[in-house]
>>> print(open('protein37.tsv').read())   # TSV, C-alpha atoms
chain	number	residue	atom	x	y	z
A	23	MET	CA	-32.33	7.34	-20.50
A	24	GLY	CA	-34.40	4.24	-19.91
A	25	TYR	CA	-31.53	1.78	-19.69
A	26	THR	CA	-28.80	0.77	-17.31
A	27	ARG	CA	-25.11	0.48	-18.16
A	28	ARG	CA	-25.23	-3.29	-17.78
A	29	SER	CA	-28.35	-3.69	-19.92
A	30	MET	CA	-26.73	-1.51	-22.56
A	31	LEU	CA	-23.68	-3.74	-22.64
A	32	GLU	CA	-25.76	-6.87	-22.84
A	33	GLY	CA	-27.89	-5.47	-25.62
A	34	MET	CA	-25.00	-4.05	-27.61
A	35	GLY	CA	-22.32	-6.70	-27.42
A	36	ILE	CA	-20.42	-8.30	-30.27
A	37	ALA	CA	-23.53	-9.42	-32.11
A	38	GLY	CA	-25.17	-5.99	-32.02
A	39	LEU	CA	-22.09	-4.14	-33.16
A	40	GLY	CA	-21.15	-6.76	-35.68
A	41	ALA	CA	-24.06	-5.78	-37.88
A	42	LEU	CA	-22.42	-2.42	-38.37
A	43	VAL	CA	-18.94	-3.62	-39.31
A	44	PRO	CA	-18.49	-3.17	-43.06
A	45	PRO	CA	-17.03	-5.95	-45.19
A	46	LEU	CA	-14.09	-3.71	-46.15
A	47	VAL	CA	-12.66	-3.68	-42.62
A	48	LYS	CA	-9.80	-6.14	-42.79
A	49	LYS	CA	-8.90	-8.55	-40.04
A	50	ALA	CA	-5.65	-7.91	-38.23
A	51	THR	CA	-2.68	-9.96	-39.31
A	52	ALA	CA	-0.29	-8.50	-36.74
A	53	PHE	CA	-0.37	-6.44	-33.58
A	54	SER	CA	0.51	-3.23	-35.47
A	55	ARG	CA	-1.60	-2.94	-38.58
A	56	MET	CA	-2.31	0.79	-38.79
A	57	GLN	CA	-0.68	2.99	-41.42
A	58	PRO	CA	-0.74	6.80	-41.77
A	59	TRP	CA	-3.33	8.33	-44.07
A	60	ALA	CA	-0.94	10.74	-45.72
A	61	SER	CA	2.71	10.52	-46.65
A	62	GLY	CA	3.40	13.73	-44.68
A	63	ALA	CA	2.57	11.92	-41.44
A	64	SER	CA	5.48	9.54	-41.94
A	65	SER	CA	8.02	12.23	-40.95
A	66	CYS	CA	6.84	11.94	-37.35
A	67	PRO	CA	8.17	8.85	-35.57
A	68	PHE	CA	5.02	8.70	-33.43
A	69	ARG	CA	1.29	8.55	-34.15
A	70	LEU	CA	0.70	12.02	-32.74
A	71	ALA	CA	-2.87	12.21	-31.49
A	72	VAL	CA	-5.32	13.84	-29.10
A	73	ILE	CA	-7.88	12.15	-26.87
A	74	ASN	CA	-11.06	13.45	-28.45
A	75	ASP	CA	-13.04	14.43	-25.35
A	76	GLU	CA	-10.21	16.57	-24.02
A	77	ILE	CA	-11.34	19.08	-26.67
A	78	THR	CA	-15.12	18.79	-26.60
A	79	GLN	CA	-17.97	16.29	-26.43
A	80	ASP	CA	-18.95	17.46	-29.91
A	81	PHE	CA	-17.18	14.75	-31.87
A	82	GLU	CA	-17.33	16.42	-35.25
A	83	LYS	CA	-15.86	19.61	-33.78
A	84	ALA	CA	-13.10	17.60	-32.07
A	85	CYS	CA	-12.20	15.93	-35.36
A	86	GLN	CA	-12.13	19.28	-37.15
A	87	VAL	CA	-9.72	20.69	-34.57
A	88	VAL	CA	-7.41	17.65	-34.62
A	89	SER	CA	-7.32	17.26	-38.40
A	90	GLY	CA	-7.89	20.76	-39.73
A	91	ASP	CA	-6.24	22.93	-37.07
A	92	PHE	CA	-3.59	20.63	-35.59
A	93	GLY	CA	-2.85	18.87	-38.87
A	94	LEU	CA	-2.83	15.42	-37.28
A	95	HIS	CA	-3.93	12.05	-38.62
A	96	TRP	CA	-4.66	10.19	-35.39
A	97	MET	CA	-7.21	10.34	-32.59
A	98	GLU	CA	-7.73	8.40	-29.38
A	99	LEU	CA	-11.38	7.62	-28.61
A	100	ARG	CA	-12.84	7.85	-25.09
A	101	SER	CA	-16.22	9.59	-24.87
A	102	MET	CA	-18.42	11.73	-27.09
A	103	TRP	CA	-21.88	13.23	-27.07
A	104	ASN	CA	-21.81	12.88	-23.27
A	105	LYS	CA	-21.48	9.11	-23.43
A	106	ASN	CA	-18.57	6.79	-22.96
A	107	LEU	CA	-17.58	5.22	-26.29
A	108	THR	CA	-18.58	1.80	-24.98
A	109	GLU	CA	-22.14	3.03	-24.40
A	110	LEU	CA	-22.88	4.63	-27.73
A	111	GLU	CA	-25.86	3.42	-29.72
A	112	PRO	CA	-25.16	1.68	-33.05
A	113	ARG	CA	-26.24	4.74	-35.05
A	114	GLN	CA	-23.84	6.91	-33.04
A	115	ILE	CA	-20.95	4.50	-33.57
A	116	ASP	CA	-21.64	4.48	-37.30
A	117	ALA	CA	-21.81	8.29	-37.32
A	118	ALA	CA	-18.50	8.52	-35.43
A	119	ARG	CA	-16.70	6.42	-38.00
A	120	LYS	CA	-18.12	8.43	-40.87
A	121	ILE	CA	-16.91	11.63	-39.20
A	122	LEU	CA	-13.44	10.13	-38.74
A	123	ASP	CA	-13.36	9.16	-42.43
A	124	GLU	CA	-14.45	12.64	-43.51
A	125	HIS	CA	-11.56	14.16	-41.57
A	126	GLN	CA	-9.09	11.45	-42.62
A	127	LEU	CA	-8.42	10.40	-39.03
A	128	GLN	CA	-7.38	6.98	-37.80
A	129	VAL	CA	-7.84	5.64	-34.28
A	130	THR	CA	-4.81	4.93	-32.11
A	131	ASP	CA	-6.74	2.88	-29.56
A	132	ILE	CA	-9.99	2.40	-27.68
A	133	ALA	CA	-9.47	4.34	-24.42
A	134	SER	CA	-11.82	2.13	-22.48
A	135	PRO	CA	-12.59	2.12	-18.73
A	136	LEU	CA	-11.86	-1.62	-18.57
A	137	PHE	CA	-10.99	-2.75	-15.01
A	138	LYS	CA	-11.35	0.76	-13.59
A	139	THR	CA	-13.48	-0.53	-10.76
A	140	ASP	CA	-13.19	-2.14	-7.32
A	141	TRP	CA	-11.45	-5.48	-7.00
A	142	PRO	CA	-14.14	-7.88	-5.71
A	143	GLY	CA	-13.60	-9.17	-2.18
A	144	ALA	CA	-11.04	-6.54	-1.21
A	145	PRO	CA	-11.64	-3.66	1.23
A	146	ARG	CA	-13.23	-0.76	-0.63
A	147	SER	CA	-10.58	1.48	-2.10
A	148	SER	CA	-10.36	5.07	-0.96
A	149	GLN	CA	-10.07	5.95	-4.67
A	150	SER	CA	-13.28	4.20	-5.62
A	151	GLU	CA	-15.67	6.22	-7.79
A	152	LYS	CA	-14.32	9.57	-6.57
A	153	ARG	CA	-12.84	10.71	-9.87
A	154	ASP	CA	-14.21	11.57	-13.28
A	155	GLN	CA	-14.62	8.30	-15.11
A	156	PHE	CA	-15.51	9.89	-18.45
A	157	HIS	CA	-19.15	8.83	-18.47
A	158	ALA	CA	-18.38	5.25	-17.45
A	159	ASP	CA	-19.09	3.28	-14.30
A	160	PHE	CA	-19.01	-0.48	-14.73
A	161	ASP	CA	-18.85	-2.77	-11.73
A	162	ALA	CA	-16.63	-5.84	-11.49
A	163	ALA	CA	-19.34	-8.18	-12.75
A	164	ALA	CA	-19.64	-6.23	-16.00
A	165	GLN	CA	-15.97	-6.39	-16.99
A	166	ASP	CA	-16.01	-9.49	-19.19
A	167	LYS	CA	-18.92	-8.13	-21.18
A	168	LEU	CA	-17.20	-4.75	-21.35
A	169	LEU	CA	-14.10	-6.41	-22.80
A	170	GLU	CA	-16.23	-8.05	-25.50
A	171	ARG	CA	-17.66	-4.66	-26.31
A	172	CYS	CA	-14.21	-3.11	-26.56
A	173	ILE	CA	-13.01	-5.86	-28.88
A	174	SER	CA	-15.94	-5.16	-31.19
A	175	LEU	CA	-15.21	-1.44	-31.12
A	176	ALA	CA	-11.52	-2.00	-31.86
A	177	HIS	CA	-12.36	-4.01	-34.97
A	178	PHE	CA	-15.02	-1.54	-36.04
A	179	PHE	CA	-12.67	1.45	-35.75
A	180	ASN	CA	-9.77	-0.52	-37.28
A	181	THR	CA	-7.41	-0.21	-34.35
A	182	ASP	CA	-5.42	-3.00	-32.73
A	183	ARG	CA	-5.25	-1.52	-29.21
A	184	ILE	CA	-7.53	-1.42	-26.15
A	185	ARG	CA	-6.60	0.52	-23.01
A	186	CYS	CA	-7.30	-0.89	-19.54
A	187	PHE	CA	-6.46	-0.33	-15.86
A	188	ASP	CA	-5.87	-2.63	-12.89
A	189	TYR	CA	-8.62	-1.67	-10.43
A	190	TRP	CA	-8.91	1.15	-7.92
A	191	ARG	CA	-5.81	1.39	-5.77
A	192	LEU	CA	-5.89	-0.67	-2.59
A	193	ASP	CA	-4.14	0.33	0.62
A	194	ASP	CA	-2.52	-3.11	0.54
A	195	GLN	CA	-2.63	-4.80	-2.85
A	196	LYS	CA	-0.26	-7.65	-1.98
A	197	PRO	CA	-2.97	-10.16	-0.96
A	198	TYR	CA	-4.79	-9.55	-4.26
A	199	ARG	CA	-2.00	-8.79	-6.72
A	200	ALA	CA	-1.63	-12.33	-8.07
A	201	ALA	CA	-5.36	-12.58	-8.76
A	202	ILE	CA	-5.40	-9.14	-10.40
A	203	ASN	CA	-2.50	-10.18	-12.63
A	204	ALA	CA	-4.31	-13.38	-13.53
A	205	LYS	CA	-7.35	-11.37	-14.60
A	206	LEU	CA	-5.20	-9.07	-16.72
A	207	GLN	CA	-3.44	-12.03	-18.31
A	208	GLN	CA	-6.76	-13.68	-19.08
A	209	ALA	CA	-7.94	-10.48	-20.78
A	210	ALA	CA	-4.70	-10.28	-22.75
A	211	GLU	CA	-5.17	-13.85	-23.94
A	212	THR	CA	-8.70	-13.02	-25.05
A	213	CYS	CA	-7.39	-10.00	-26.95
A	214	ALA	CA	-4.65	-12.09	-28.56
A	215	LYS	CA	-7.29	-14.35	-30.11
A	216	HIS	CA	-8.55	-11.26	-31.90
A	217	LYS	CA	-5.04	-10.03	-32.83
A	218	LEU	CA	-5.39	-7.12	-30.41
A	219	VAL	CA	-3.03	-5.49	-27.92
A	220	LEU	CA	-4.19	-4.84	-24.36
A	221	LEU	CA	-2.63	-1.66	-22.94
A	222	LEU	CA	-2.35	-1.25	-19.18
A	223	GLU	CA	-2.24	2.42	-18.20
A	224	ASN	CA	-0.27	3.46	-15.14
A	225	GLU	CA	-2.88	5.50	-13.28
A	226	MET	CA	-2.32	7.13	-9.90
A	227	SER	CA	-5.73	6.04	-8.60
A	228	CYS	CA	-5.20	2.42	-9.64
A	229	ASN	CA	-2.86	-0.31	-8.45
A	230	THR	CA	-0.18	0.46	-11.05
A	231	ALA	CA	0.82	4.12	-10.82
A	232	THR	CA	4.54	4.38	-11.60
A	233	GLY	CA	7.09	3.08	-14.05
A	234	GLU	CA	8.56	0.81	-11.41
A	235	GLU	CA	5.15	-0.70	-10.60
A	236	ALA	CA	4.39	-1.11	-14.29
A	237	ALA	CA	7.69	-2.90	-14.86
A	238	ALA	CA	6.80	-5.40	-12.14
A	239	VAL	CA	3.42	-6.16	-13.71
A	240	LEU	CA	4.90	-6.52	-17.19
A	241	LYS	CA	7.49	-8.95	-15.83
A	242	THR	CA	4.77	-11.07	-14.22
A	243	ILE	CA	2.58	-11.05	-17.34
A	244	PRO	CA	4.92	-11.92	-20.23
A	245	ASN	CA	2.29	-11.98	-23.01
A	246	GLN	CA	3.72	-9.91	-25.87
A	247	ASN	CA	0.31	-8.40	-26.65
A	248	PHE	CA	0.08	-7.11	-23.07
A	249	MET	CA	1.78	-3.73	-23.20
A	250	LEU	CA	1.97	-0.47	-21.28
A	251	ASN	CA	0.14	2.76	-21.91
A	252	TRP	CA	2.97	4.84	-20.41
A	253	ASP	CA	1.75	8.03	-18.72
A	254	PRO	CA	4.66	10.03	-17.24
A	255	GLY	CA	2.23	12.68	-15.96
A	256	ASN	CA	0.34	10.15	-13.86
A	257	ALA	CA	3.59	8.85	-12.39
A	258	ALA	CA	4.77	12.39	-11.58
A	259	ALA	CA	1.46	13.13	-9.87
A	260	VAL	CA	2.26	10.58	-7.14
A	261	GLY	CA	5.76	11.92	-6.58
A	262	SER	CA	7.63	9.49	-8.81
A	263	ALA	CA	10.32	10.61	-11.27
A	264	PRO	CA	8.89	9.30	-14.55
A	265	TYR	CA	11.93	10.19	-16.62
A	266	PRO	CA	14.57	9.01	-16.45
A	267	THR	CA	14.02	6.84	-13.36
A	268	GLY	CA	10.62	5.27	-14.06
A	269	TYR	CA	11.21	5.00	-17.78
A	270	ASN	CA	14.56	3.30	-17.30
A	271	ALA	CA	12.84	0.53	-15.32
A	272	LEU	CA	10.53	-0.30	-18.22
A	273	PRO	CA	11.09	-2.92	-20.93
A	274	LYS	CA	11.09	-0.62	-23.97
A	275	ASP	CA	9.59	-3.21	-26.31
A	276	ARG	CA	6.52	-3.43	-24.06
A	277	ILE	CA	5.54	0.25	-24.32
A	278	GLY	CA	2.60	0.28	-26.73
A	279	HIS	CA	1.15	3.76	-26.25
A	280	CYS	CA	2.00	7.00	-24.44
A	281	HIS	CA	-0.14	9.74	-22.89
A	282	CYS	CA	1.26	13.24	-22.85
A	283	LYS	CA	0.35	15.78	-20.16
A	284	ASP	CA	2.27	17.80	-17.59
A	285	VAL	CA	2.17	18.29	-13.83
A	286	VAL	CA	3.12	20.97	-11.31
A	287	SER	CA	3.45	20.78	-7.54
A	288	LYS	CA	1.02	22.88	-5.52
A	289	PRO	CA	1.43	24.11	-1.94
A	290	ASP	CA	-2.18	23.35	-1.02
A	291	HIS	CA	-2.39	19.85	-2.53
A	292	LYS	CA	-0.23	17.24	-4.15
A	293	TYR	CA	-0.33	18.28	-7.80
A	294	ASP	CA	-2.12	20.11	-10.56
A	295	TRP	CA	-2.10	19.66	-14.31
A	296	ALA	CA	-0.21	22.03	-16.60
A	297	PRO	CA	0.32	22.66	-20.34
A	298	VAL	CA	2.89	20.29	-21.80
A	299	GLY	CA	6.38	21.68	-21.39
A	300	SER	CA	5.56	23.89	-18.41
A	301	GLY	CA	5.57	21.29	-15.64
A	302	MET	CA	7.98	18.96	-13.90
A	303	VAL	CA	7.97	16.12	-16.44
A	304	ASP	CA	11.15	16.13	-18.52
A	305	TRP	CA	9.28	15.78	-21.78
A	306	VAL	CA	12.25	16.77	-23.93
A	307	GLY	CA	14.30	13.91	-22.46
A	308	GLN	CA	11.35	11.52	-22.53
A	309	LEU	CA	10.52	12.19	-26.17
A	310	ARG	CA	14.15	11.82	-27.21
A	311	ALA	CA	14.33	8.52	-25.35
A	312	LEU	CA	11.14	7.22	-26.97
A	313	GLN	CA	12.50	8.03	-30.41
A	314	ARG	CA	15.92	6.55	-29.57
A	315	ASP	CA	14.32	3.33	-28.32
A	316	GLY	CA	12.21	2.85	-31.45
A	317	PHE	CA	8.79	3.74	-30.04
A	318	SER	CA	6.46	4.29	-33.00
A	319	TYR	CA	2.95	4.00	-31.56
A	320	GLY	CA	0.40	6.51	-30.36
A	321	LEU	CA	1.55	9.63	-28.51
A	322	SER	CA	-1.74	11.14	-27.34
A	323	LEU	CA	-2.18	14.57	-25.83
A	324	GLU	CA	-4.33	14.09	-22.72
A	325	THR	CA	-4.62	17.76	-21.78
A	326	HIS	CA	-6.36	17.54	-18.37
A	327	TRP	CA	-5.20	21.10	-17.67
A	328	ARG	CA	-8.18	23.48	-17.74
A	329	GLY	CA	-6.47	26.84	-17.22
A	330	ALA	CA	-7.84	28.49	-20.35
A	331	SER	CA	-11.41	29.58	-21.00
A	332	THR	CA	-12.63	26.23	-22.36
A	333	PRO	CA	-11.35	22.66	-22.72
A	334	GLU	CA	-10.75	23.37	-26.41
A	335	ALA	CA	-8.73	26.51	-25.65
A	336	SER	CA	-6.75	24.63	-23.00
A	337	THR	CA	-6.01	21.82	-25.44
A	338	ARG	CA	-4.86	24.29	-28.08
A	339	ILE	CA	-2.37	25.79	-25.62
A	340	SER	CA	-1.16	22.37	-24.50
A	341	MET	CA	-0.80	21.15	-28.09
A	342	GLU	CA	1.30	24.24	-28.84
A	343	GLY	CA	3.44	23.31	-25.84
A	344	LEU	CA	3.77	19.73	-27.06
A	345	LYS	CA	4.83	20.77	-30.54
A	346	LYS	CA	7.40	23.20	-29.12
A	347	THR	CA	8.69	20.43	-26.87
A	348	LEU	CA	9.01	18.07	-29.83
A	349	THR	CA	11.00	20.74	-31.65
A	350	LYS	CA	13.29	21.16	-28.63
A	351	ALA	CA	13.80	17.40	-28.66
A	352	GLY	CA	14.81	17.58	-32.33
A	353	ILE	CA	11.75	15.63	-33.47
A	354	SER	CA	9.74	16.66	-36.50
A	355	CYS	CA	6.00	16.01	-36.18
>>> encode(input="protein37.tsv", output="structure tokens")
Amino acid sequence: MGYTRRSMLEGMGIAGLGALVPPLVKKATAFSRMQPWASGASSCPFRLAVINDEITQDFEKACQVVSGDFGLHWMELRSMWNKNLTELEPRQIDAARKILDEHQLQVTDIASPLFKTDWPGAPRSSQSEKRDQFHADFDAAAQDKLLERCISLAHFFNTDRIRCFDYWRLDDQKPYRAAINAKLQQAAETCAKHKLVLLLENEMSCNTATGEEAAAVLKTIPNQNFMLNWDPGNAAAVGSAPYPTGYNALPKDRIGHCHCKDVVSKPDHKYDWAPVGSGMVDWVGQLRALQRDGFSYGLSLETHWRGASTPEASTRISMEGLKKTLTKAGISC
């Protein structure tokens, strides 16, 4: 391609992206500024969405499926055209927003790879760089610049949320946990200056995998714009009971986004993904609890399951499962 990830970040930081931001994009005045496009969307208590690259790398096709076929108004952005969102060229970013506008889609959050890397100075994690990172691989030294990039993208796509992680999982994170928390808090403070929410995802390959671990981090970092991207499927994949046990440990007002996928146990390995509603996550109970507790942010289908002929076909099946599960929970979306 003729460029490195770091050079791309340096060349396409806030200044480079700022030239693209139109004057009509309003600055945030609160941590929740997004509104549904259509009045019909208001019947759903959540911002029901799909992570775009779970369908296809063809962004226009993904938008057509989400808006036209699924009838949704929200999308979570991660990668497209075989590039991570944070590495797109300015013309591609501009094209992505135009496609979103054409399909009347709003963005729940920037699903960035922020802090999905090794913690500097610690023994190399056994999880390091062994999983699909969705066309992203930024080392520890690139994280501050990556955060700047994500802030620019959040403003450009008119969302108030950026997803992050807390580094590849260490065999013993205790000696480093305070420093990791300090880094997360620093990033949250930077986001707060821009009226943005930083979402920590519980990820089985990172240092926060379960609801209980997430609750501990949230308690240590009290910043109100530091919230959780709650992923019950990820918690279940490491043997935790995400609902009700893990969920009950969480401060409900600190859940700022939710990923929806399902998990099954396998005899030959720890877990495998499954269509929503067909695995071991109690999604009916979880969805009812989210509605009961006033959760009103993004609920994104993160299919992961690839049992059908294509990612798109798999996502269609899993979305059907999600909608049936919502109906079972008594929720209209």
>>> atom_distance(input="protein37.tsv", atom1="CA of Gly307 in chain A", atom2="CA of Tyr265 in chain A")
7.3 Å
>>> residues_around(input="protein37.tsv", residues="Asn74 in chain A", least_positions_apart="4", cutoff="7 Å", atoms="all atoms listed in the file", output="PyMOL selection string")
chain A and resi 78+84+97-100
>>> residues_around(input="protein37.tsv", residues="range 341-350 of chain A", least_positions_apart="4", cutoff="12 Å", atoms="all atoms listed in the file", output="count of residues only")
50
>>> atom_distance(input="protein37.tsv", atom1="CA of Gln86 in chain A", atom2="CA of Ile353 in chain A")
24.4 Å
>>> residues_near_point(input="protein37.tsv", point="(3.0, 1.3, -21.4)", cutoff="6 Å", atoms="only C-alpha atoms", output="list in words")
Met249, Leu250, Asn251, Trp252, Ile277, Gly278 and His279 of chain A
>>> residues_around(input="protein37.tsv", residues="Cys228 in chain A", least_positions_apart="3", cutoff="6 Å", atoms="all atoms listed in the file", output="ChimeraX atom specification")
/A:189-191,225
>>> closest_residue(input="protein37.tsv", among="A:Ser134, A:Ser287, A:Ser89, A:Thr212", to="Leu175 in chain A", atoms="only C-alpha atoms")
A:Ser134
>>> closest_residue(input="protein37.tsv", among="A:Pro266, A:Pro135, A:Pro273, A:Gly316", to="Leu107 in chain A", atoms="only C-alpha atoms")
A:Pro135
>>> decode(input="protein37.tsv", residues="range 225-321 of chain A", atoms="C-alpha atoms", output="PDB file, in the first residue's frame")
ATOM      1  CA  GLU A 225     -13.347  -8.921  25.786  1.00  0.00           C
ATOM      2  CA  MET A 226     -12.216 -12.444  26.627  1.00  0.00           C
ATOM      3  CA  SER A 227      -8.739 -11.864  25.169  1.00  0.00           C
ATOM      4  CA  CYS A 228      -8.231  -8.644  27.119  1.00  0.00           C
ATOM      5  CA  ASN A 229      -7.802  -7.880  30.803  1.00  0.00           C
ATOM      6  CA  THR A 230     -11.514  -7.228  31.388  1.00  0.00           C
ATOM      7  CA  ALA A 231     -13.544 -10.228  30.247  1.00  0.00           C
ATOM      8  CA  THR A 232     -16.531 -10.599  32.580  1.00  0.00           C
ATOM      9  CA  GLY A 233     -19.193  -8.510  34.246  1.00  0.00           C
ATOM     10  CA  GLU A 234     -17.465  -8.873  37.590  1.00  0.00           C
ATOM     11  CA  GLU A 235     -14.133  -7.670  36.172  1.00  0.00           C
ATOM     12  CA  ALA A 236     -15.866  -4.797  34.400  1.00  0.00           C
ATOM     13  CA  ALA A 237     -17.587  -3.732  37.615  1.00  0.00           C
ATOM     14  CA  ALA A 238     -14.205  -3.542  39.355  1.00  0.00           C
ATOM     15  CA  VAL A 239     -12.746  -1.325  36.630  1.00  0.00           C
ATOM     16  CA  LEU A 240     -15.787   0.964  36.592  1.00  0.00           C
ATOM     17  CA  LYS A 241     -15.536   1.346  40.363  1.00  0.00           C
ATOM     18  CA  THR A 242     -11.878   2.336  40.101  1.00  0.00           C
ATOM     19  CA  ILE A 243     -12.496   4.793  37.246  1.00  0.00           C
ATOM     20  CA  PRO A 244     -15.494   6.895  38.348  1.00  0.00           C
ATOM     21  CA  ASN A 245     -15.586   9.258  35.343  1.00  0.00           C
ATOM     22  CA  GLN A 246     -19.208   9.367  34.190  1.00  0.00           C
ATOM     23  CA  ASN A 247     -18.178   9.422  30.526  1.00  0.00           C
ATOM     24  CA  PHE A 248     -16.264   6.165  31.037  1.00  0.00           C
ATOM     25  CA  MET A 249     -18.852   3.469  30.424  1.00  0.00           C
ATOM     26  CA  LEU A 250     -19.099  -0.203  29.544  1.00  0.00           C
ATOM     27  CA  ASN A 251     -19.695  -1.803  26.185  1.00  0.00           C
ATOM     28  CA  TRP A 252     -21.406  -4.827  27.755  1.00  0.00           C
ATOM     29  CA  ASP A 253     -20.881  -8.045  25.775  1.00  0.00           C
ATOM     30  CA  PRO A 254     -22.624 -11.018  27.434  1.00  0.00           C
ATOM     31  CA  GLY A 255     -21.360 -13.345  24.685  1.00  0.00           C
ATOM     32  CA  ASN A 256     -17.736 -12.530  25.447  1.00  0.00           C
ATOM     33  CA  ALA A 257     -18.314 -13.161  29.148  1.00  0.00           C
ATOM     34  CA  ALA A 258     -20.030 -16.486  28.431  1.00  0.00           C
ATOM     35  CA  ALA A 259     -17.125 -17.540  26.213  1.00  0.00           C
ATOM     36  CA  VAL A 260     -14.809 -17.629  29.247  1.00  0.00           C
ATOM     37  CA  GLY A 261     -17.239 -19.628  31.355  1.00  0.00           C
ATOM     38  CA  SER A 262     -18.847 -16.737  33.203  1.00  0.00           C
ATOM     39  CA  ALA A 263     -22.621 -16.434  33.660  1.00  0.00           C
ATOM     40  CA  PRO A 264     -23.277 -13.052  32.033  1.00  0.00           C
ATOM     41  CA  TYR A 265     -26.923 -12.904  33.027  1.00  0.00           C
ATOM     42  CA  PRO A 266     -28.011 -12.649  35.699  1.00  0.00           C
ATOM     43  CA  THR A 267     -24.743 -12.998  37.655  1.00  0.00           C
ATOM     44  CA  GLY A 268     -22.370 -10.764  35.691  1.00  0.00           C
ATOM     45  CA  TYR A 269     -25.033  -8.220  34.839  1.00  0.00           C
ATOM     46  CA  ASN A 270     -26.147  -7.924  38.453  1.00  0.00           C
ATOM     47  CA  ALA A 271     -22.610  -6.892  39.425  1.00  0.00           C
ATOM     48  CA  LEU A 272     -22.660  -3.942  37.033  1.00  0.00           C
ATOM     49  CA  PRO A 273     -23.667  -0.356  37.821  1.00  0.00           C
ATOM     50  CA  LYS A 274     -26.585  -0.025  35.402  1.00  0.00           C
ATOM     51  CA  ASP A 275     -26.054   3.680  34.784  1.00  0.00           C
ATOM     52  CA  ARG A 276     -22.550   2.932  33.473  1.00  0.00           C
ATOM     53  CA  ILE A 277     -23.639   0.614  30.649  1.00  0.00           C
ATOM     54  CA  GLY A 278     -23.337   2.726  27.510  1.00  0.00           C
ATOM     55  CA  HIS A 279     -23.564   0.143  24.724  1.00  0.00           C
ATOM     56  CA  CYS A 280     -24.299  -3.568  24.305  1.00  0.00           C
ATOM     57  CA  HIS A 281     -23.087  -6.191  21.824  1.00  0.00           C
ATOM     58  CA  CYS A 282     -25.425  -9.031  20.995  1.00  0.00           C
ATOM     59  CA  LYS A 283     -24.177 -12.481  19.978  1.00  0.00           C
ATOM     60  CA  ASP A 284     -24.590 -16.001  21.317  1.00  0.00           C
ATOM     61  CA  VAL A 285     -22.304 -18.820  22.425  1.00  0.00           C
ATOM     62  CA  VAL A 286     -22.409 -22.606  22.657  1.00  0.00           C
ATOM     63  CA  SER A 287     -20.106 -25.020  24.466  1.00  0.00           C
ATOM     64  CA  LYS A 288     -18.138 -27.427  22.291  1.00  0.00           C
ATOM     65  CA  PRO A 289     -16.604 -30.756  23.317  1.00  0.00           C
ATOM     66  CA  ASP A 290     -13.390 -30.136  21.380  1.00  0.00           C
ATOM     67  CA  HIS A 291     -12.761 -26.559  22.540  1.00  0.00           C
ATOM     68  CA  LYS A 292     -14.081 -23.990  24.935  1.00  0.00           C
ATOM     69  CA  TYR A 293     -16.809 -22.318  22.892  1.00  0.00           C
ATOM     70  CA  ASP A 294     -18.221 -21.499  19.495  1.00  0.00           C
ATOM     71  CA  TRP A 295     -20.470 -18.704  18.312  1.00  0.00           C
ATOM     72  CA  ALA A 296     -24.147 -19.271  17.549  1.00  0.00           C
ATOM     73  CA  PRO A 297     -27.160 -17.370  16.164  1.00  0.00           C
ATOM     74  CA  VAL A 298     -28.743 -15.156  18.806  1.00  0.00           C
ATOM     75  CA  GLY A 299     -31.293 -17.090  20.816  1.00  0.00           C
ATOM     76  CA  SER A 300     -29.773 -20.512  20.160  1.00  0.00           C
ATOM     77  CA  GLY A 301     -26.900 -20.447  22.650  1.00  0.00           C
ATOM     78  CA  MET A 302     -26.337 -20.350  26.373  1.00  0.00           C
ATOM     79  CA  VAL A 303     -26.774 -16.602  26.927  1.00  0.00           C
ATOM     80  CA  ASP A 304     -30.154 -15.833  28.496  1.00  0.00           C
ATOM     81  CA  TRP A 305     -30.913 -13.079  26.022  1.00  0.00           C
ATOM     82  CA  VAL A 306     -34.612 -12.937  26.881  1.00  0.00           C
ATOM     83  CA  GLY A 307     -33.770 -12.209  30.520  1.00  0.00           C
ATOM     84  CA  GLN A 308     -30.932  -9.868  29.581  1.00  0.00           C
ATOM     85  CA  LEU A 309     -33.030  -7.799  27.198  1.00  0.00           C
ATOM     86  CA  ARG A 310     -35.861  -7.527  29.708  1.00  0.00           C
ATOM     87  CA  ALA A 311     -33.384  -6.380  32.352  1.00  0.00           C
ATOM     88  CA  LEU A 312     -31.851  -3.769  30.042  1.00  0.00           C
ATOM     89  CA  GLN A 313     -35.281  -2.346  29.294  1.00  0.00           C
ATOM     90  CA  ARG A 314     -36.294  -2.461  32.970  1.00  0.00           C
ATOM     91  CA  ASP A 315     -33.119  -0.639  33.999  1.00  0.00           C
ATOM     92  CA  GLY A 316     -33.590   2.165  31.475  1.00  0.00           C
ATOM     93  CA  PHE A 317     -30.872   1.225  28.988  1.00  0.00           C
ATOM     94  CA  SER A 318     -31.528   3.214  25.804  1.00  0.00           C
ATOM     95  CA  TYR A 319     -28.239   3.137  23.893  1.00  0.00           C
ATOM     96  CA  GLY A 320     -26.892   0.984  21.093  1.00  0.00           C
ATOM     97  CA  LEU A 321     -27.744  -2.720  20.983  1.00  0.00           C
TER      98      LEU A 321
END
